[in-house]
Amino acid sequence: MTEGFSTRAIHAGQPADPVTGAVVTPIYATSTYLQDSVGEMRNGYEYSRTKNPTRLALEECLAALEQGTHGFAFASGLAAEDTLLRAVCSPGDHVVIPDDAYGGTYRLFAKVASRWGLDYTPAAVSDLDAVRAAITSDTKVIWIETPTNPLLGIADIEALAVIAHEAGALLVVDNTFASPYLQQPLNLGADVVVHSTTKYVGGHSDVVGGALVVRDPALAENLAFHQNSMGAVSGPFDAWLTLRGIKTLAVRMERHCDNAERIVDWLSGRADITHVLYPGLTEHPGHKIAAAQMRRFGGMVSVRLRGGEQAALDLCNRTKLFTLGESLGGVESLIEHPGRMTHASAVGTPLEVPGDLVRLSVGIEDAEDLLADLSQAFGD
């Protein structure tokens, strides 16, 4: 992989169409394929749940971006996570998860996988000793997010890979907040990278999807079997939309980071804010690790309001350019109250987020307009 990131994003898995010369991968809207004779398939295509040319192009591109060897595209990020857990875990196994994880991930462990017999322990993934202490003889996976959602904690991927492998476990890294442009966990020792491609990878809030990327051939074979057997695959149009978004990932992420840094500078020091959570700040406890393993610090910013939960709710309700909505990573800026929105499933658990927390997904609009919107929302 000698080509640069943007070159891979535009070309990997996407040669010109051999029939027409079309430079954009076609949408292969087909469920089945002609077989030349019984059991003789053309290039391995028999049924689109198993293999589809548009999805294959996306999977090859995702693998190239993460510098893996095998990519797998799913109907959503949670579909990718569920398939991974069923592929590498069995009833009675144990997983270490972040004590600051996406609410949907926590719900999958707490309400779905636990009924299947999969045990889990939340731990602060920024604390290596806490992760070690959470490991049991049944631990098969250490699952991390970095940055975490929504408190933007940072995990040391390289150190945690060593800890996981010493315990005979896999290190799984949810790379959604960083995107492949800012961080490539496989190069730091991770075994599996997870994405909600709905977010930065797709980047335009017009498609839902998920992905897994690995290097190990045996693990890839296992994932391919479960992807086909469970069937929660990306449809061809969704795969095509995601590929289209990927082509501009590098330039979008630079703008996301530029705007986020402007907003963090503006938020810092305000009397009505007690904490600005952003790994680009030198005072952030994970700043040095983030600087070592990330290209830049991303477009996600969280703040805690001095006025408590009501002040947080008021801020969310007053913005105009920052759209009040769930999700993140699109070209438009979003604002949300995690405690009542994306992380409502964690209320009353060790993963409950503070009521005074507001999460910003900083888009690629003009920074001056975003700052003006926040200013009026704060009542300046």
# chains A, B, ... in the order shown; residues from 1 in each chain; ligands from 1
call {"tool": "residues_around", "arguments": {"residues": "Thr146 (chain A)", "least_positions_apart": "4", "cutoff": "9 Å", "atoms": "only C-alpha atoms", "output": "list of chain:residue names"}}
result
A:Val125, A:Ser126, A:Leu152, A:Gly153, A:Ile154, A:Ala155, A:Asp156, A:Ile157, A:Val173, A:Asp174, A:Asn175, A:Thr176, A:Phe177, A:Ala178, A:Ala290
call {"tool": "select_by_dssp", "arguments": {"residues": "region 291-359 of chain A", "states": "helix (DSSP H, G or I)", "output": "MDAnalysis selection string"}}
result
chainID A and resid 291:293 308:318 344:346
call {"tool": "write_last_selection", "arguments": {"atoms": "all heavy atoms", "output": "compact mmCIF listing (two decimals), in the first residue's frame"}}
result
# COMPACT_ATOMS: atom_id res chain seq x y z
N ALA A 291 -2.09 12.37 20.49
CA ALA A 291 -1.16 13.00 19.55
C ALA A 291 -0.25 11.96 18.91
O ALA A 291 0.17 12.12 17.75
CB ALA A 291 -0.34 14.05 20.27
N ALA A 292 0.05 10.89 19.64
CA ALA A 292 0.94 9.86 19.12
C ALA A 292 0.24 8.91 18.15
O ALA A 292 0.86 8.40 17.22
CB ALA A 292 1.54 9.07 20.28
N GLN A 293 -1.06 8.65 18.37
CA GLN A 293 -1.72 7.63 17.55
C GLN A 293 -2.77 8.19 16.58
O GLN A 293 -3.32 7.42 15.78
CB GLN A 293 -2.36 6.56 18.44
CG GLN A 293 -3.49 7.02 19.32
CD GLN A 293 -3.94 5.96 20.32
OE1 GLN A 293 -3.19 5.06 20.70
NE2 GLN A 293 -5.18 6.05 20.76
N GLY A 308 -26.07 22.90 34.94
CA GLY A 308 -26.64 21.57 35.10
C GLY A 308 -27.45 21.11 33.90
O GLY A 308 -27.33 21.63 32.79
N GLU A 309 -28.28 20.11 34.15
CA GLU A 309 -29.01 19.48 33.05
C GLU A 309 -29.93 20.44 32.33
O GLU A 309 -30.03 20.42 31.09
CB GLU A 309 -29.82 18.28 33.57
CG GLU A 309 -30.53 17.53 32.45
CD GLU A 309 -31.14 16.23 32.93
OE1 GLU A 309 -31.44 16.12 34.13
OE2 GLU A 309 -31.31 15.31 32.09
N GLN A 310 -30.61 21.33 33.05
CA GLN A 310 -31.53 22.23 32.38
C GLN A 310 -30.78 23.17 31.44
O GLN A 310 -31.25 23.46 30.33
CB GLN A 310 -32.34 23.05 33.39
CG GLN A 310 -33.47 23.86 32.76
CD GLN A 310 -34.44 22.98 31.98
OE1 GLN A 310 -34.97 21.99 32.50
NE2 GLN A 310 -34.67 23.31 30.71
N ALA A 311 -29.62 23.64 31.87
CA ALA A 311 -28.82 24.49 30.99
C ALA A 311 -28.39 23.73 29.74
O ALA A 311 -28.35 24.29 28.64
CB ALA A 311 -27.59 25.01 31.75
N ALA A 312 -28.07 22.45 29.90
CA ALA A 312 -27.69 21.63 28.75
C ALA A 312 -28.86 21.46 27.79
O ALA A 312 -28.70 21.59 26.57
CB ALA A 312 -27.18 20.27 29.23
N LEU A 313 -30.03 21.19 28.33
CA LEU A 313 -31.21 21.05 27.49
C LEU A 313 -31.54 22.36 26.78
O LEU A 313 -31.88 22.37 25.58
CB LEU A 313 -32.41 20.60 28.33
CG LEU A 313 -32.30 19.22 28.97
CD1 LEU A 313 -33.47 18.99 29.92
CD2 LEU A 313 -32.25 18.13 27.90
N ASP A 314 -31.43 23.46 27.49
CA ASP A 314 -31.72 24.77 26.88
C ASP A 314 -30.76 25.06 25.73
O ASP A 314 -31.18 25.56 24.67
CB ASP A 314 -31.61 25.88 27.94
CG ASP A 314 -32.73 25.83 28.96
OD1 ASP A 314 -33.75 25.16 28.70
OD2 ASP A 314 -32.58 26.44 30.04
N LEU A 315 -29.49 24.76 25.93
CA LEU A 315 -28.52 25.00 24.86
C LEU A 315 -28.88 24.19 23.62
O LEU A 315 -28.86 24.70 22.49
CB LEU A 315 -27.11 24.65 25.34
CG LEU A 315 -26.00 24.81 24.30
CD1 LEU A 315 -25.84 26.27 23.89
CD2 LEU A 315 -24.68 24.26 24.84
N CYS A 316 -29.22 22.92 23.82
CA CYS A 316 -29.58 22.06 22.69
C CYS A 316 -30.80 22.60 21.94
O CYS A 316 -30.89 22.49 20.71
CB CYS A 316 -29.87 20.64 23.17
SG CYS A 316 -28.42 19.73 23.75
N ASN A 317 -31.73 23.18 22.67
CA ASN A 317 -32.98 23.64 22.07
C ASN A 317 -32.86 25.01 21.41
O ASN A 317 -33.78 25.42 20.67
CB ASN A 317 -34.08 23.69 23.13
CG ASN A 317 -34.54 22.30 23.54
OD1 ASN A 317 -34.57 21.38 22.73
ND2 ASN A 317 -34.91 22.14 24.81
N ARG A 318 -31.77 25.72 21.63
CA ARG A 318 -31.66 27.09 21.13
C ARG A 318 -30.83 27.23 19.86
O ARG A 318 -30.87 28.26 19.21
CB ARG A 318 -31.05 27.98 22.22
CG ARG A 318 -31.98 28.28 23.38
CD ARG A 318 -31.23 29.02 24.47
NE ARG A 318 -32.08 29.30 25.63
CZ ARG A 318 -31.61 29.56 26.84
NH1 ARG A 318 -30.29 29.56 27.05
NH2 ARG A 318 -32.44 29.80 27.84
N ALA A 344 -29.50 7.15 26.32
CA ALA A 344 -30.61 6.94 27.25
C ALA A 344 -30.65 5.50 27.76
O ALA A 344 -31.09 5.25 28.89
CB ALA A 344 -31.93 7.29 26.57
N SER A 345 -30.16 4.54 26.93
CA SER A 345 -30.18 3.14 27.35
C SER A 345 -29.22 2.86 28.50
O SER A 345 -29.30 1.82 29.15
CB SER A 345 -29.81 2.23 26.17
OG SER A 345 -28.51 2.53 25.69
N ALA A 346 -28.31 3.81 28.78
CA ALA A 346 -27.33 3.60 29.86
C ALA A 346 -27.76 4.24 31.18
O ALA A 346 -27.03 4.15 32.16
CB ALA A 346 -25.97 4.16 29.44
call {"tool": "closest_residue", "arguments": {"among": "A:Met341, A:Ala372, A:Ala113, A:Leu182", "to": "Gly298 (chain A)", "atoms": "only C-alpha atoms"}}
result
A:Leu182
call {"tool": "residues_around", "arguments": {"residues": "Leu212 (chain A)", "least_positions_apart": "2", "cutoff": "9 Å", "atoms": "only C-alpha atoms", "output": "PDB file with N, CA, C and O atoms, in the first residue's frame"}}
result
ATOM      1  N   GLU A  59     -15.935  -3.013   0.446  1.00  0.00           N
ATOM      2  CA  GLU A  59     -15.159  -3.789   1.413  1.00  0.00           C
ATOM      3  C   GLU A  59     -13.661  -3.719   1.107  1.00  0.00           C
ATOM      4  O   GLU A  59     -12.834  -3.591   2.016  1.00  0.00           O
ATOM      5  N   LEU A  62     -12.488  -0.151   2.130  1.00  0.00           N
ATOM      6  CA  LEU A  62     -12.379  -0.013   3.581  1.00  0.00           C
ATOM      7  C   LEU A  62     -11.138  -0.718   4.114  1.00  0.00           C
ATOM      8  O   LEU A  62     -10.426  -0.191   4.977  1.00  0.00           O
ATOM      9  N   ALA A  63     -10.858  -1.905   3.600  1.00  0.00           N
ATOM     10  CA  ALA A  63      -9.667  -2.636   4.029  1.00  0.00           C
ATOM     11  C   ALA A  63      -8.406  -1.853   3.693  1.00  0.00           C
ATOM     12  O   ALA A  63      -7.472  -1.771   4.501  1.00  0.00           O
ATOM     13  N   HIS A  70      -8.807  -7.643   4.851  1.00  0.00           N
ATOM     14  CA  HIS A  70     -10.182  -8.078   4.598  1.00  0.00           C
ATOM     15  C   HIS A  70     -11.152  -7.085   5.232  1.00  0.00           C
ATOM     16  O   HIS A  70     -11.025  -6.764   6.424  1.00  0.00           O
ATOM     17  N   GLY A  71     -12.119  -6.630   4.446  1.00  0.00           N
ATOM     18  CA  GLY A  71     -13.160  -5.746   4.949  1.00  0.00           C
ATOM     19  C   GLY A  71     -14.524  -6.392   4.777  1.00  0.00           C
ATOM     20  O   GLY A  71     -14.741  -7.188   3.851  1.00  0.00           O
ATOM     21  N   PHE A  72     -15.441  -6.030   5.664  1.00  0.00           N
ATOM     22  CA  PHE A  72     -16.791  -6.582   5.633  1.00  0.00           C
ATOM     23  C   PHE A  72     -17.780  -5.444   5.876  1.00  0.00           C
ATOM     24  O   PHE A  72     -17.666  -4.724   6.871  1.00  0.00           O
ATOM     25  N   ALA A  73     -18.746  -5.291   4.982  1.00  0.00           N
ATOM     26  CA  ALA A  73     -19.717  -4.200   5.078  1.00  0.00           C
ATOM     27  C   ALA A  73     -21.070  -4.741   5.514  1.00  0.00           C
ATOM     28  O   ALA A  73     -21.539  -5.773   5.004  1.00  0.00           O
ATOM     29  N   PHE A  74     -21.700  -4.000   6.434  1.00  0.00           N
ATOM     30  CA  PHE A  74     -22.950  -4.443   7.058  1.00  0.00           C
ATOM     31  C   PHE A  74     -24.037  -3.378   6.942  1.00  0.00           C
ATOM     32  O   PHE A  74     -23.766  -2.230   6.581  1.00  0.00           O
ATOM     33  N   GLY A  77     -23.799  -0.225  11.954  1.00  0.00           N
ATOM     34  CA  GLY A  77     -22.686  -0.472  12.852  1.00  0.00           C
ATOM     35  C   GLY A  77     -22.999  -1.549  13.865  1.00  0.00           C
ATOM     36  O   GLY A  77     -22.148  -2.394  14.188  1.00  0.00           O
ATOM     37  N   ALA A  80     -22.702  -4.973  12.413  1.00  0.00           N
ATOM     38  CA  ALA A  80     -21.300  -5.378  12.370  1.00  0.00           C
ATOM     39  C   ALA A  80     -20.849  -5.873  13.739  1.00  0.00           C
ATOM     40  O   ALA A  80     -20.180  -6.914  13.855  1.00  0.00           O
ATOM     41  N   GLU A  81     -21.211  -5.148  14.797  1.00  0.00           N
ATOM     42  CA  GLU A  81     -20.814  -5.522  16.143  1.00  0.00           C
ATOM     43  C   GLU A  81     -21.418  -6.876  16.543  1.00  0.00           C
ATOM     44  O   GLU A  81     -20.738  -7.735  17.118  1.00  0.00           O
ATOM     45  N   LEU A  84     -19.693  -9.717  14.742  1.00  0.00           N
ATOM     46  CA  LEU A  84     -18.365  -9.946  15.308  1.00  0.00           C
ATOM     47  C   LEU A  84     -18.451 -10.736  16.616  1.00  0.00           C
ATOM     48  O   LEU A  84     -17.709 -11.712  16.824  1.00  0.00           O
ATOM     49  N   VAL A 192      -9.167  -6.187  15.319  1.00  0.00           N
ATOM     50  CA  VAL A 192     -10.374  -5.883  14.553  1.00  0.00           C
ATOM     51  C   VAL A 192     -10.671  -4.398  14.686  1.00  0.00           C
ATOM     52  O   VAL A 192     -10.582  -3.838  15.791  1.00  0.00           O
ATOM     53  N   VAL A 193     -11.022  -3.771  13.573  1.00  0.00           N
ATOM     54  CA  VAL A 193     -11.511  -2.397  13.587  1.00  0.00           C
ATOM     55  C   VAL A 193     -13.002  -2.423  13.261  1.00  0.00           C
ATOM     56  O   VAL A 193     -13.434  -3.104  12.320  1.00  0.00           O
ATOM     57  N   VAL A 194     -13.782  -1.695  14.051  1.00  0.00           N
ATOM     58  CA  VAL A 194     -15.226  -1.574  13.861  1.00  0.00           C
ATOM     59  C   VAL A 194     -15.542  -0.143  13.450  1.00  0.00           C
ATOM     60  O   VAL A 194     -14.940   0.806  13.975  1.00  0.00           O
ATOM     61  N   HIS A 195     -16.477   0.006  12.520  1.00  0.00           N
ATOM     62  CA  HIS A 195     -16.965   1.334  12.153  1.00  0.00           C
ATOM     63  C   HIS A 195     -18.482   1.330  12.054  1.00  0.00           C
ATOM     64  O   HIS A 195     -19.079   0.367  11.557  1.00  0.00           O
ATOM     65  N   GLY A 210     -22.291  -0.276   8.492  1.00  0.00           N
ATOM     66  CA  GLY A 210     -21.247  -0.650   9.442  1.00  0.00           C
ATOM     67  C   GLY A 210     -20.167  -1.436   8.742  1.00  0.00           C
ATOM     68  O   GLY A 210     -20.338  -1.887   7.601  1.00  0.00           O
ATOM     69  N   VAL A 214     -10.022  -6.533   9.231  1.00  0.00           N
ATOM     70  CA  VAL A 214      -9.052  -7.379   9.932  1.00  0.00           C
ATOM     71  C   VAL A 214      -7.872  -7.671   9.005  1.00  0.00           C
ATOM     72  O   VAL A 214      -7.914  -7.373   7.805  1.00  0.00           O
ATOM     73  N   LEU A 223     -15.328 -14.452  10.015  1.00  0.00           N
ATOM     74  CA  LEU A 223     -16.245 -13.326   9.858  1.00  0.00           C
ATOM     75  C   LEU A 223     -17.050 -13.447   8.567  1.00  0.00           C
ATOM     76  O   LEU A 223     -18.249 -13.140   8.543  1.00  0.00           O
TER      77      LEU A 223
END
call {"tool": "select_by_dssp", "arguments": {"residues": "region 203-353 of chain A", "states": "strand (DSSP E)", "output": "list of chain:residue names"}}
result
A:Gly210, A:Ala211, A:Leu212, A:Val213, A:Val214, A:Ile273, A:Thr274, A:His275, A:Val276, A:Leu277, A:Met300, A:Val301, A:Ser302, A:Val303, A:Arg304, A:Leu305, A:Thr323, A:Leu324, A:Leu334, A:Ile335, A:Glu336
call {"tool": "residues_around", "arguments": {"residues": "region 90-101 of chain A", "least_positions_apart": "4", "cutoff": "8 Å", "atoms": "only C-alpha atoms", "output": "number ranges by chain"}}
result
A: 86, 105-106, 116-125, 131, 134-136, 138-145, 148-151, 153, 350-351, 353
call {"tool": "write_last_selection", "arguments": {"atoms": "N, CA, C and O atoms", "output": "compact mmCIF listing (two decimals), in the first residue's frame"}}
result
# COMPACT_ATOMS: atom_id res chain seq x y z
N ARG A 86 -20.77 -12.75 17.73
CA ARG A 86 -21.20 -14.14 17.53
C ARG A 86 -20.10 -14.97 16.85
O ARG A 86 -20.04 -16.19 17.03
N THR A 105 -24.07 0.31 21.72
CA THR A 105 -23.15 -0.79 21.99
C THR A 105 -23.43 -1.39 23.37
O THR A 105 -23.48 -2.61 23.55
N TYR A 106 -23.62 -0.51 24.36
CA TYR A 106 -23.94 -0.99 25.70
C TYR A 106 -25.24 -1.79 25.69
O TYR A 106 -25.33 -2.88 26.30
N TRP A 116 -27.77 -14.24 25.66
CA TRP A 116 -27.15 -15.34 24.92
C TRP A 116 -26.06 -16.00 25.76
O TRP A 116 -25.48 -17.02 25.37
N GLY A 117 -25.76 -15.39 26.93
CA GLY A 117 -24.77 -15.96 27.83
C GLY A 117 -23.40 -15.32 27.76
O GLY A 117 -22.43 -15.88 28.28
N LEU A 118 -23.31 -14.14 27.14
CA LEU A 118 -22.04 -13.43 27.06
C LEU A 118 -21.94 -12.44 28.21
O LEU A 118 -22.79 -11.56 28.36
N ASP A 119 -20.92 -12.59 29.03
CA ASP A 119 -20.71 -11.71 30.18
C ASP A 119 -19.83 -10.52 29.78
O ASP A 119 -19.07 -10.60 28.81
N TYR A 120 -19.93 -9.44 30.51
CA TYR A 120 -19.13 -8.25 30.20
C TYR A 120 -18.84 -7.49 31.48
O TYR A 120 -19.59 -7.57 32.46
N THR A 121 -17.74 -6.73 31.45
CA THR A 121 -17.37 -5.86 32.57
C THR A 121 -16.96 -4.51 32.02
O THR A 121 -16.05 -4.44 31.18
N PRO A 122 -17.60 -3.42 32.46
CA PRO A 122 -17.16 -2.10 32.04
C PRO A 122 -15.87 -1.71 32.76
O PRO A 122 -15.68 -2.02 33.95
N ALA A 123 -14.98 -1.05 32.04
CA ALA A 123 -13.73 -0.57 32.63
C ALA A 123 -13.33 0.72 31.93
O ALA A 123 -13.68 0.96 30.77
N ALA A 124 -12.59 1.56 32.64
CA ALA A 124 -12.07 2.80 32.06
C ALA A 124 -10.94 2.44 31.11
O ALA A 124 -9.84 2.06 31.55
N VAL A 125 -11.17 2.55 29.82
CA VAL A 125 -10.18 2.08 28.86
C VAL A 125 -8.95 2.99 28.79
O VAL A 125 -7.93 2.61 28.21
N VAL A 131 -8.23 -1.94 33.10
CA VAL A 131 -8.53 -2.95 32.09
C VAL A 131 -7.96 -4.30 32.52
O VAL A 131 -8.64 -5.33 32.44
N ALA A 134 -10.11 -5.97 35.04
CA ALA A 134 -11.41 -6.43 34.55
C ALA A 134 -11.32 -7.75 33.79
O ALA A 134 -12.34 -8.42 33.57
N ILE A 135 -10.12 -8.15 33.41
CA ILE A 135 -9.94 -9.38 32.64
C ILE A 135 -10.15 -10.60 33.53
O ILE A 135 -9.71 -10.64 34.69
N THR A 136 -10.84 -11.60 33.00
CA THR A 136 -11.03 -12.88 33.70
C THR A 136 -10.45 -14.01 32.84
O THR A 136 -10.01 -13.79 31.71
N ASP A 138 -12.10 -16.05 31.35
CA ASP A 138 -13.01 -16.27 30.22
C ASP A 138 -13.00 -15.12 29.22
O ASP A 138 -13.78 -15.13 28.25
N THR A 139 -12.14 -14.13 29.42
CA THR A 139 -12.15 -12.96 28.55
C THR A 139 -11.64 -13.32 27.16
O THR A 139 -10.53 -13.82 27.00
N LYS A 140 -12.45 -13.05 26.17
CA LYS A 140 -12.08 -13.32 24.79
C LYS A 140 -11.84 -12.04 23.99
O LYS A 140 -11.18 -12.08 22.94
N VAL A 141 -12.39 -10.92 24.48
CA VAL A 141 -12.28 -9.66 23.74
C VAL A 141 -12.10 -8.51 24.72
O VAL A 141 -12.76 -8.46 25.76
N ILE A 142 -11.18 -7.62 24.40
CA ILE A 142 -11.15 -6.29 25.01
C ILE A 142 -11.65 -5.33 23.94
O ILE A 142 -11.06 -5.23 22.86
N TRP A 143 -12.74 -4.66 24.25
CA TRP A 143 -13.46 -3.82 23.29
C TRP A 143 -13.28 -2.36 23.70
O TRP A 143 -13.63 -1.99 24.82
N ILE A 144 -12.73 -1.55 22.83
CA ILE A 144 -12.51 -0.15 23.19
C ILE A 144 -13.04 0.78 22.13
O ILE A 144 -13.19 0.41 20.95
N GLU A 145 -13.34 1.98 22.55
CA GLU A 145 -13.55 3.12 21.65
C GLU A 145 -12.46 4.13 21.96
O GLU A 145 -12.09 4.29 23.13
N THR A 148 -13.66 7.96 23.04
CA THR A 148 -14.90 7.34 23.49
C THR A 148 -16.09 8.26 23.23
O THR A 148 -15.96 9.46 23.05
N ASN A 149 -17.25 7.64 23.25
CA ASN A 149 -18.50 8.34 22.97
C ASN A 149 -19.39 8.29 24.21
O ASN A 149 -19.83 7.20 24.60
N PRO A 150 -19.66 9.43 24.89
CA PRO A 150 -19.48 10.80 24.42
C PRO A 150 -18.43 11.62 25.19
O PRO A 150 -18.32 12.81 24.96
N LEU A 151 -17.68 11.00 26.11
CA LEU A 151 -16.80 11.78 26.98
C LEU A 151 -15.41 11.99 26.40
O LEU A 151 -14.56 12.63 27.02
N GLY A 153 -12.78 10.14 25.92
CA GLY A 153 -11.60 9.58 26.54
C GLY A 153 -10.71 8.93 25.49
O GLY A 153 -11.16 8.56 24.40
N PRO A 350 -23.57 1.77 35.22
CA PRO A 350 -22.25 2.40 35.37
C PRO A 350 -21.85 3.27 34.18
O PRO A 350 -20.90 4.03 34.28
N LEU A 351 -22.55 3.13 33.05
CA LEU A 351 -22.23 3.91 31.87
C LEU A 351 -23.08 5.16 31.73
O LEU A 351 -23.01 5.87 30.72
N VAL A 353 -24.28 8.79 31.58
CA VAL A 353 -23.49 9.99 31.32
C VAL A 353 -24.07 11.15 32.12
O VAL A 353 -25.25 11.17 32.48
call {"tool": "residues_around", "arguments": {"residues": "Ala57 (chain A)", "least_positions_apart": "6", "cutoff": "12 Å", "atoms": "only C-alpha atoms", "output": "PyMOL selection string"}}
result
chain A and resi 8-17+24-28+51+63-64+70-73+234+236+239-244+246
call {"tool": "atom_distance", "arguments": {"atom1": "CA of Arg42 (chain A)", "atom2": "CA of Gly235 (chain A)"}}
result
20.3 Å
call {"tool": "atom_distance", "arguments": {"atom1": "CA of Thr30 (chain A)", "atom2": "CA of Ala211 (chain A)"}}
result
21.4 Å
call {"tool": "residues_around", "arguments": {"residues": "Asp380 (chain A)", "least_positions_apart": "5", "cutoff": "12 Å", "atoms": "only C-alpha atoms", "output": "list in words"}}
result
Arg270, Ala271, Asp272, Leu315, Leu371, Ala372, Asp373, Leu374 and Ser375 of chain A
